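Worksheet: one structure, shown below.
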Amino acid sequence: MATIPNIAQTILNENGYQLVEFPRLTLALLEAKINDAIDYINAETGLSISSLSGTAESKTLTYTPPQNVAIKQLVNLMLRAYKEKGTQINVTNINVTYLQSDPDYKLSMQLLNKIIQRLKSPPIYVSNDPIPT
């Protein structure tokens, strides 16, 4: 197990975001979203990844490498959805496909889906050799 202190700020930094880009979002709210992501991954995989620990706005994530990837990918998608939801307008005869055709969105979804499947059924090791599945 490893830890990442200040996980909310770390995720913002890794994605090139600044907190001011997200109206009404605070580090404490982002930490709540990270815990939601952890709960979702736990529900999908049957794992028991611990919720964040520590003081609000500087909480720590304890993880294994595959869990880290799943959590960060899901939180990245959540941040993008939060940031890009914008104001709603009605315009007739316009079809919006921006998010679905965005290559970063597609890659993030592929990574998230694969890692969720991997976390659901990790490989079995005998004498440090994986058994083919």
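Here, A, B, ... name the chains of the structure tokens in the order displayed, residue numbers run from 1 inside each chain, and ligands are numbered from 1 in the same displayed order.
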(message) Env of stretch 44-49 of chain A: 7 Å cut, atoms = only C-alpha atoms, seq-sep filter 2 positions within chain, self excluded. Answer as an NGL selection string.
(response) :A and (38 or 40-42 or 51 or 116 or 119-120)
Preceding selection exported with N, CA and C atoms as an mmCIF file, in the first residue's frame:
data_model
loop_
_atom_site.group_PDB
_atom_site.id
_atom_site.type_symbol
_atom_site.label_atom_id
_atom_site.label_comp_id
_atom_site.auth_asym_id
_atom_site.auth_seq_id
_atom_site.Cartn_x
_atom_site.Cartn_y
_atom_site.Cartn_z
ATOM 1 N N ILE A 38 -14.382 6.403 -4.858
ATOM 2 C CA ILE A 38 -13.936 5.212 -4.122
ATOM 3 C C ILE A 38 -15.128 4.302 -3.825
ATOM 4 N N TYR A 40 -17.923 4.088 -5.494
ATOM 5 C CA TYR A 40 -18.368 3.495 -6.753
ATOM 6 C C TYR A 40 -17.471 2.316 -7.132
ATOM 7 N N ILE A 41 -16.171 2.515 -7.048
ATOM 8 C CA ILE A 41 -15.226 1.442 -7.396
ATOM 9 C C ILE A 41 -15.405 0.253 -6.454
ATOM 10 N N ASN A 42 -15.578 0.531 -5.169
ATOM 11 C CA ASN A 42 -15.831 -0.554 -4.209
ATOM 12 C C ASN A 42 -17.108 -1.323 -4.575
ATOM 13 N N SER A 51 -11.784 5.025 2.486
ATOM 14 C CA SER A 51 -12.071 6.427 2.184
ATOM 15 C C SER A 51 -10.853 7.259 2.535
ATOM 16 N N ILE A 116 -11.411 -1.365 -13.840
ATOM 17 C CA ILE A 116 -12.513 -1.889 -13.024
ATOM 18 C C ILE A 116 -12.613 -3.408 -13.218
ATOM 19 N N LEU A 119 -9.713 -5.025 -11.403
ATOM 20 C CA LEU A 119 -9.900 -5.034 -9.954
ATOM 21 C C LEU A 119 -10.961 -6.050 -9.530
ATOM 22 N N LYS A 120 -11.934 -6.327 -10.408
ATOM 23 C CA LYS A 120 -12.960 -7.320 -10.093
ATOM 24 C C LYS A 120 -12.382 -8.718 -9.989
#
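The residue that comes closest to A:Gln18, out of A:Ser50, A:Leu79, A:Pro5, A:Asp104 and on the basis of only C-alpha atoms, is A:Leu79.
Considering the residues A:Asn15, A:Asn113, A:Ser121, A:Ser58 and counting only C-alpha atoms, A:Leu29 has its shortest atom-to-atom contact with A:Ser58.
Atom CA of A:Leu77 is found 7.2 Å from atom CA of A:Ser108.
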(request) Work out how far apart atom CA of A:Ala2 and atom CA of A:Leu61 are and give it in Å to one decimal. (result) 8.2 Å
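Among the candidates A:Asn13, A:Lys106, A:Arg24, A:Lys114, the residue lying nearest to A:Ala70 is A:Lys114 (atoms considered: only C-alpha atoms).
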(message) Residues within 12 Å of A:Glu21, please, as an MDAnalysis selection string. Count only C-alpha atoms; anything in the same chain fewer than 2 positions from it doesn't count.
(response) chainID A and resid 12 16:19 23:26 79:80 82:84 86
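The two atoms in question, atom CA of A:Ile115 and atom CA of A:Glu57, are spaced 27.1 Å apart.
Distance check against A:Gln117 using only C-alpha atoms: of A:Pro66, A:Leu52, A:Asp39, A:Ile7, the minimum falls on A:Pro66.
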